[in-house]
$ cat start.cif   # mmCIF, C-alpha atoms
data_upload
#
loop_
_atom_site.label_atom_id
_atom_site.label_comp_id
_atom_site.auth_asym_id
_atom_site.auth_seq_id
_atom_site.Cartn_x
_atom_site.Cartn_y
_atom_site.Cartn_z
CA MET A 1 45.46 3.36 38.01
CA THR A 2 46.36 6.49 36.07
CA VAL A 3 43.67 8.73 34.60
CA LEU A 4 44.43 7.51 31.07
CA ALA A 5 44.35 3.88 32.17
CA ASP A 6 40.99 4.53 33.82
CA LEU A 7 39.73 6.03 30.56
CA LEU A 8 40.87 3.06 28.48
CA ASP A 9 39.35 0.65 30.97
CA ALA A 10 36.03 2.52 30.84
CA VAL A 11 36.00 2.47 27.03
CA ALA A 12 36.89 -1.22 26.87
CA GLY A 13 34.26 -2.07 29.48
CA GLY A 14 31.51 -0.03 27.85
CA ARG A 15 31.15 2.46 30.69
CA ILE A 16 32.18 5.10 28.14
CA GLU A 17 30.65 4.76 24.69
CA VAL A 18 32.51 6.19 21.70
CA LEU A 19 30.09 7.61 19.12
CA ASP A 20 30.99 8.70 15.60
CA LEU A 21 29.50 12.09 14.75
CA THR A 22 31.10 12.02 11.29
CA ALA A 23 29.27 11.58 7.98
CA PRO A 24 30.84 9.06 5.56
CA LEU A 25 32.99 10.84 2.99
CA SER A 26 32.37 9.81 -0.63
CA ASP A 27 31.52 11.18 -4.04
CA GLN A 28 27.89 11.24 -2.84
CA THR A 29 28.63 13.57 0.11
CA PRO A 30 26.51 16.74 -0.22
CA ILE A 31 28.51 19.90 -0.89
CA LEU A 32 27.74 23.58 -0.62
CA GLN A 33 26.66 25.24 -3.86
CA LEU A 34 27.20 28.98 -4.25
CA PRO A 35 25.58 31.17 -6.91
CA GLU A 36 27.63 32.48 -9.81
CA PRO A 37 30.10 34.14 -10.06
CA PHE A 38 31.51 32.73 -6.80
CA GLY A 39 34.07 29.93 -6.88
CA GLN A 40 32.89 26.40 -6.08
CA THR A 41 34.29 23.56 -4.01
CA VAL A 42 34.72 20.17 -5.70
CA PRO A 43 33.00 16.93 -4.73
CA PHE A 44 35.08 14.38 -2.88
CA GLN A 45 36.70 11.88 -5.23
CA LEU A 46 39.02 8.87 -4.99
CA HIS A 47 41.60 8.41 -7.75
CA GLU A 48 42.99 4.89 -7.72
CA ILE A 49 46.79 4.60 -7.87
CA SER A 50 47.01 0.81 -7.73
CA ARG A 51 45.01 -2.13 -6.48
CA TYR A 52 47.01 -5.36 -6.32
CA ASP A 53 47.88 -5.08 -10.03
CA ASP A 54 50.80 -4.18 -12.29
CA ARG A 55 50.74 -0.62 -10.88
CA GLY A 56 51.44 -2.06 -7.44
CA PRO A 57 51.07 -5.82 -6.98
CA ALA A 58 50.78 -5.93 -3.19
CA TRP A 59 49.06 -2.72 -2.30
CA TYR A 60 45.93 -0.67 -2.80
CA TRP A 61 45.92 3.12 -2.44
CA ASN A 62 44.31 6.26 -3.81
CA ASN A 63 44.85 9.92 -4.35
CA ILE A 64 41.96 12.06 -3.17
CA THR A 65 40.40 15.29 -4.39
CA THR A 66 38.36 17.30 -1.94
CA GLY A 67 37.68 20.77 -0.62
CA GLU A 68 38.60 21.88 2.88
CA HIS A 69 34.91 22.37 3.64
CA THR A 70 33.52 19.08 2.33
CA GLY A 71 31.54 16.65 4.47
CA THR A 72 31.93 16.77 8.24
CA HIS A 73 34.49 19.53 8.59
CA PHE A 74 36.11 22.06 10.89
CA ASP A 75 35.96 25.82 10.22
CA ALA A 76 39.00 27.77 11.45
CA PRO A 77 38.77 31.53 12.15
CA VAL A 78 40.77 32.43 9.02
CA HIS A 79 37.97 30.91 6.91
CA TRP A 80 36.03 34.20 7.12
CA VAL A 81 37.10 37.75 6.40
CA THR A 82 36.28 38.79 9.97
CA GLY A 83 38.83 36.24 11.21
CA ARG A 84 41.43 36.79 8.51
CA ASP A 85 44.11 37.57 11.10
CA GLY A 86 43.17 34.57 13.26
CA GLU A 87 44.25 30.94 13.40
CA ASP A 88 44.43 28.67 10.40
CA VAL A 89 43.35 25.08 10.96
CA ALA A 90 46.90 23.91 11.76
CA GLN A 91 47.25 26.56 14.46
CA VAL A 92 44.24 25.58 16.58
CA PRO A 93 45.60 24.72 20.06
CA LEU A 94 45.40 20.96 20.59
CA PRO A 95 43.57 21.13 23.95
CA ARG A 96 40.70 22.90 22.16
CA LEU A 97 40.13 19.83 19.99
CA ILE A 98 38.86 17.95 23.07
CA ALA A 99 35.97 19.76 24.74
CA PRO A 100 32.62 19.27 26.50
CA ALA A 101 29.38 19.55 24.56
CA ALA A 102 25.95 21.03 25.14
CA VAL A 103 23.31 19.58 22.81
CA VAL A 104 20.37 21.86 22.08
CA ASP A 105 17.62 19.82 20.43
CA VAL A 106 15.31 21.74 18.09
CA ALA A 107 14.52 18.83 15.75
CA GLU A 108 10.78 19.18 16.33
CA GLN A 109 10.82 22.87 15.41
CA ALA A 110 12.99 22.25 12.34
CA ALA A 111 10.70 19.47 11.15
CA ALA A 112 7.79 21.92 11.24
CA ASP A 113 9.77 24.79 9.69
CA PRO A 114 12.95 24.16 7.65
CA ASP A 115 13.82 27.86 8.06
CA PHE A 116 13.70 27.61 11.87
CA LEU A 117 16.22 29.85 13.64
CA LEU A 118 17.70 29.36 17.09
CA GLU A 119 17.16 32.45 19.22
CA ILE A 120 18.80 33.55 22.47
CA GLU A 121 15.59 32.70 24.31
CA HIS A 122 15.85 29.06 23.18
CA VAL A 123 19.37 28.82 24.62
CA LYS A 124 18.28 30.51 27.85
CA ALA A 125 15.41 28.00 28.17
CA TRP A 126 17.89 25.16 27.65
CA GLU A 127 20.16 26.64 30.35
CA ALA A 128 17.22 26.85 32.76
CA ASP A 129 16.77 23.09 32.38
CA HIS A 130 20.37 21.93 32.10
CA GLY A 131 22.64 24.59 33.55
CA PRO A 132 25.00 27.05 31.85
CA LEU A 133 26.69 26.35 28.56
CA PRO A 134 30.09 24.70 29.11
CA ASP A 135 33.02 27.06 29.39
CA GLY A 136 35.34 26.26 26.49
CA GLY A 137 32.89 23.73 25.06
CA TRP A 138 30.76 23.20 21.96
CA LEU A 139 27.16 24.13 21.42
CA LEU A 140 25.82 21.35 19.17
CA LEU A 141 22.57 22.20 17.43
CA ARG A 142 20.46 19.11 16.77
CA THR A 143 17.90 19.73 14.01
CA GLY A 144 17.41 16.20 12.64
CA TRP A 145 18.89 17.38 9.35
CA ASP A 146 21.40 14.51 9.26
CA ALA A 147 18.52 12.25 8.14
CA ARG A 148 18.77 14.01 4.75
CA SER A 149 22.53 13.59 4.32
CA ALA A 150 22.35 10.83 1.71
CA ASP A 151 20.47 13.08 -0.74
CA GLN A 152 22.11 16.29 -2.02
CA ASP A 153 18.82 17.90 -3.06
CA ALA A 154 17.00 17.10 0.18
CA PHE A 155 20.02 18.16 2.22
CA LEU A 156 20.38 21.58 0.59
CA ASN A 157 16.57 21.93 0.26
CA ALA A 158 16.80 24.74 -2.26
CA ASN A 159 14.16 26.31 -4.49
CA GLU A 160 13.95 29.48 -6.55
CA THR A 161 14.44 31.60 -3.39
CA GLY A 162 17.55 29.71 -2.27
CA PRO A 163 18.33 27.03 0.34
CA HIS A 164 15.97 26.40 3.25
CA THR A 165 17.77 24.82 6.20
CA PRO A 166 17.61 25.58 9.93
CA GLY A 167 20.23 27.63 11.71
CA VAL A 168 20.87 30.53 14.06
CA SER A 169 19.46 34.04 14.08
CA VAL A 170 21.64 37.13 13.77
CA ASP A 171 21.11 38.16 17.41
CA CYS A 172 21.81 34.66 18.68
CA ALA A 173 24.96 34.31 16.54
CA ARG A 174 26.25 37.60 17.94
CA TRP A 175 25.46 36.45 21.48
CA LEU A 176 27.17 33.08 20.98
CA ALA A 177 30.25 34.90 19.69
CA ASP A 178 30.46 37.72 22.23
CA VAL A 179 28.76 36.49 25.41
CA ALA A 180 28.47 32.70 25.54
CA PRO A 181 31.55 30.90 26.92
CA ILE A 182 31.58 28.28 24.15
CA LEU A 183 34.55 27.71 21.82
CA GLY A 184 32.38 26.94 18.81
CA LEU A 185 29.14 25.85 17.17
CA GLY A 186 28.43 22.43 15.65
CA VAL A 187 25.54 21.72 13.27
CA GLU A 188 24.09 18.94 11.12
CA THR A 189 23.60 21.11 8.03
CA VAL A 190 26.06 21.88 5.22
CA GLY A 191 27.36 24.98 7.00
CA THR A 192 27.04 26.67 10.36
CA ASP A 193 24.64 29.27 8.97
CA ALA A 194 20.99 28.84 8.05
CA GLY A 195 20.14 28.31 4.41
CA ALA A 196 18.61 31.77 4.16
CA ALA A 197 21.57 33.48 5.86
CA HIS A 198 22.71 35.06 2.59
CA SER A 199 19.83 37.51 3.08
CA PHE A 200 20.55 38.30 6.76
CA ASP A 201 22.16 41.52 8.01
CA PRO A 202 25.00 40.79 8.21
CA ALA A 203 24.99 37.88 5.81
CA PHE A 204 26.16 34.55 7.25
CA PRO A 205 26.26 35.79 10.87
CA CYS A 206 27.59 32.56 12.39
CA HIS A 207 30.61 32.72 10.13
CA SER A 208 30.99 36.47 10.58
CA PHE A 209 30.58 36.69 14.35
CA LEU A 210 31.92 33.38 15.67
CA LEU A 211 34.95 33.07 13.41
CA GLY A 212 35.61 36.76 13.88
CA ALA A 213 35.68 36.13 17.64
CA GLY A 214 38.27 33.37 17.24
CA LYS A 215 35.73 30.59 17.70
CA TYR A 216 35.20 27.53 15.51
CA GLY A 217 32.59 25.68 13.48
CA LEU A 218 31.77 22.01 12.96
CA THR A 219 29.36 21.03 10.21
CA GLN A 220 27.52 18.02 8.76
CA LEU A 221 27.55 16.20 12.09
CA GLN A 222 25.53 13.03 12.61
CA ASN A 223 24.13 11.05 15.55
CA LEU A 224 23.52 14.06 17.76
CA ASP A 225 20.28 12.35 18.79
CA ARG A 226 22.41 9.79 20.65
CA LEU A 227 24.05 12.42 22.86
CA PRO A 228 22.74 13.63 26.23
CA PRO A 229 22.03 17.35 26.64
CA THR A 230 25.18 17.64 28.78
CA GLY A 231 28.08 15.44 29.77
CA ALA A 232 29.46 14.31 26.40
CA VAL A 233 33.03 15.11 25.40
CA VAL A 234 33.75 15.89 21.75
CA VAL A 235 37.02 15.04 20.03
CA ALA A 236 37.26 17.01 16.77
CA ALA A 237 40.32 16.11 14.71
CA PRO A 238 40.88 18.15 11.52
CA LEU A 239 43.95 17.65 9.36
CA PRO A 240 46.69 20.18 10.26
CA ILE A 241 46.74 21.81 6.81
CA ALA A 242 49.34 24.58 6.97
CA GLY A 243 47.57 27.80 6.04
CA GLY A 244 44.28 25.94 5.66
CA SER A 245 40.93 27.58 6.30
CA GLY A 246 39.41 24.31 7.46
CA SER A 247 39.56 20.57 6.99
CA PRO A 248 37.43 17.47 6.78
CA ALA A 249 37.42 16.07 10.30
CA ARG A 250 36.74 12.88 12.21
CA VAL A 251 34.51 13.95 15.08
CA LEU A 252 33.92 11.56 17.97
CA ALA A 253 31.93 11.85 21.18
CA LEU A 254 32.64 10.12 24.49
CA VAL A 255 29.50 9.43 26.52
CA GLU A 256 29.26 7.85 29.96
CA ARG A 257 26.72 5.02 30.11
#
$ encode --input "start.cif" --output "structure tokens"
Amino acid sequence: MTVLADLLDAVAGGRIEVLDLTAPLSDQTPILQLPEPFGQTVPFQLHEISRYDDRGPAWYWNNITTGEHTGTHFDAPVHWVTGRDGEDVAQVPLPRLIAPAAVVDVAEQAAADPDFLLEIEHVKAWEADHGPLPDGGWLLLRTGWDARSADQDAFLNANETGPHTPGVSVDCARWLADVAPILGLGVETVGTDAGAAHSFDPAFPCHSFLLGAGKYGLTQLQNLDRLPPTGAVVVAAPLPIAGGSGSPARVLALVER
């Protein structure tokens, strides 16, 4: 059998499980909210064109309104000023959309402290147990935050001081961008940076360092608790929007069982 035939046989036989890491996309999908005077993204919306009626008797279809960075989505380097000369989402090389994953689980720490930050020492401890981060792979940060994804207020977890969601420290973001062999960072929160990252130096270090280094982001992932620490393969498929800074994406994981 060929390699692809072997893969299809393993999927059909259940030896490889296909998991959906994508949050459902609807008008209830949580979206990022920026303070004034910054521009805002729009909620996802369906606009019905016809539904088996006089507008189209045999077909149902919709127009959609959405932002590039709504729901489970892919951040391209050009999304941030540090990557302004980098790839747009349509220019990401196709082989990079299929990559191994390392899952770092800090759900317990994030449950105790919503402002928890991943540090280099946490990644080094993970590597001591599981081996080095995959070359050309994703670091997926499991925080348990996907359990909040049906509730905008709980998901953003904001008060008078701003949002409070887990993320990555400045030093760790710099290390992931400059030293770690990964191609990008995936998270369960609304963006790759912690809720308090607006106050960091620099602000929003995951965006600044990783996108500036030509790496990528995946956000609002789900079901990371069903992935092993190593061994899963992630298929991240954004729309090839010409000139786009990102795109909603269908993100799948292949896991050997």
$ resolve_selection --input "start.cif" --expression "the PyMOL selection byres ((chain A and resi 71-81) around 7)" --output "VMD selection string"
chain A and resid 22 to 23 25 29 to 31 69 to 70 82 to 89 207 to 208 211 to 212 214 to 221 238 245 to 249
$ closest_residue --input "start.cif" --among "A:Val42, A:Ile120, A:Val18, A:Ala150" --to "Val179 of chain A" --atoms "only C-alpha atoms"
A:Ile120
$ residues_around --input "start.cif" --residues "Ser199 of chain A" --least-positions-apart "6" --cutoff "12 Å" --atoms "only C-alpha atoms" --output "ChimeraX atom specification"
/A:161-164,169-170,193,205
$ closest_residue --input "start.cif" --among "A:Ala213, A:Ala242, A:Val187, A:Ala107" --to "Leu21 of chain A" --atoms "all atoms listed in the file"
A:Val187
$ resolve_selection --input "start.cif" --expression "the PyMOL selection byres ((chain A and resi 229) around 12)" --output "ChimeraX atom specification"
/A:100-106,123,126-127,129-134,138-142,224-228,230-233,255
$ atom_distance --input "start.cif" --atom1 "atom CA of Pro37 of chain A" --atom2 "atom CA of Asn159 of chain A"
18.6 Å
$ residues_around --input "start.cif" --residues "Asp135 of chain A" --least-positions-apart "3" --cutoff "8 Å" --atoms "only C-alpha atoms" --output "ChimeraX atom specification"
/A:181-183
$ resolve_selection --input "start.cif" --expression "the PyMOL selection byres ((chain A and resi 168) around 8)" --output "tab-separated table (two decimals) with C-alpha atoms, in the coordinates of the input"
chain	number	residue	atom	x	y	z
A	117	LEU	CA	16.22	29.85	13.64
A	118	LEU	CA	17.70	29.36	17.09
A	119	GLU	CA	17.16	32.45	19.22
A	166	PRO	CA	17.61	25.58	9.93
A	167	GLY	CA	20.23	27.63	11.71
A	169	SER	CA	19.46	34.04	14.08
A	170	VAL	CA	21.64	37.13	13.77
A	172	CYS	CA	21.81	34.66	18.68
A	173	ALA	CA	24.96	34.31	16.54
A	193	ASP	CA	24.64	29.27	8.97
A	194	ALA	CA	20.99	28.84	8.05
A	206	CYS	CA	27.59	32.56	12.39
$ atom_distance --input "start.cif" --atom1 "atom CA of Asn157 of chain A" --atom2 "atom CA of Gly195 of chain A"
8.4 Å
$ atom_distance --input "start.cif" --atom1 "atom CA of Phe116 of chain A" --atom2 "atom CA of Thr165 of chain A"
7.5 Å
$ closest_residue --input "start.cif" --among "A:Thr65, A:Ala154, A:Ala177, A:Leu254" --to "Val11 of chain A" --atoms "all atoms listed in the file"
A:Leu254
$ closest_residue --input "start.cif" --among "A:Tyr60, A:Ala203, A:Thr143, A:Leu46" --to "Asp115 of chain A" --atoms "only C-alpha atoms"
A:Thr143
$ closest_residue --input "start.cif" --among "A:Glu160, A:Phe155, A:Ala147, A:Leu34" --to "His198 of chain A" --atoms "all atoms listed in the file"
A:Leu34
$ axis_aligned_box --input "start.cif" --around "segment 231-236 of chain A" --padding-each-side "8 Å" --output "lines of an AutoDock Vina configuration file"
center_x = 32.7
center_y = 15.7
center_z = 23.3
size_x = 25.2
size_y = 18.7
size_z = 29.0
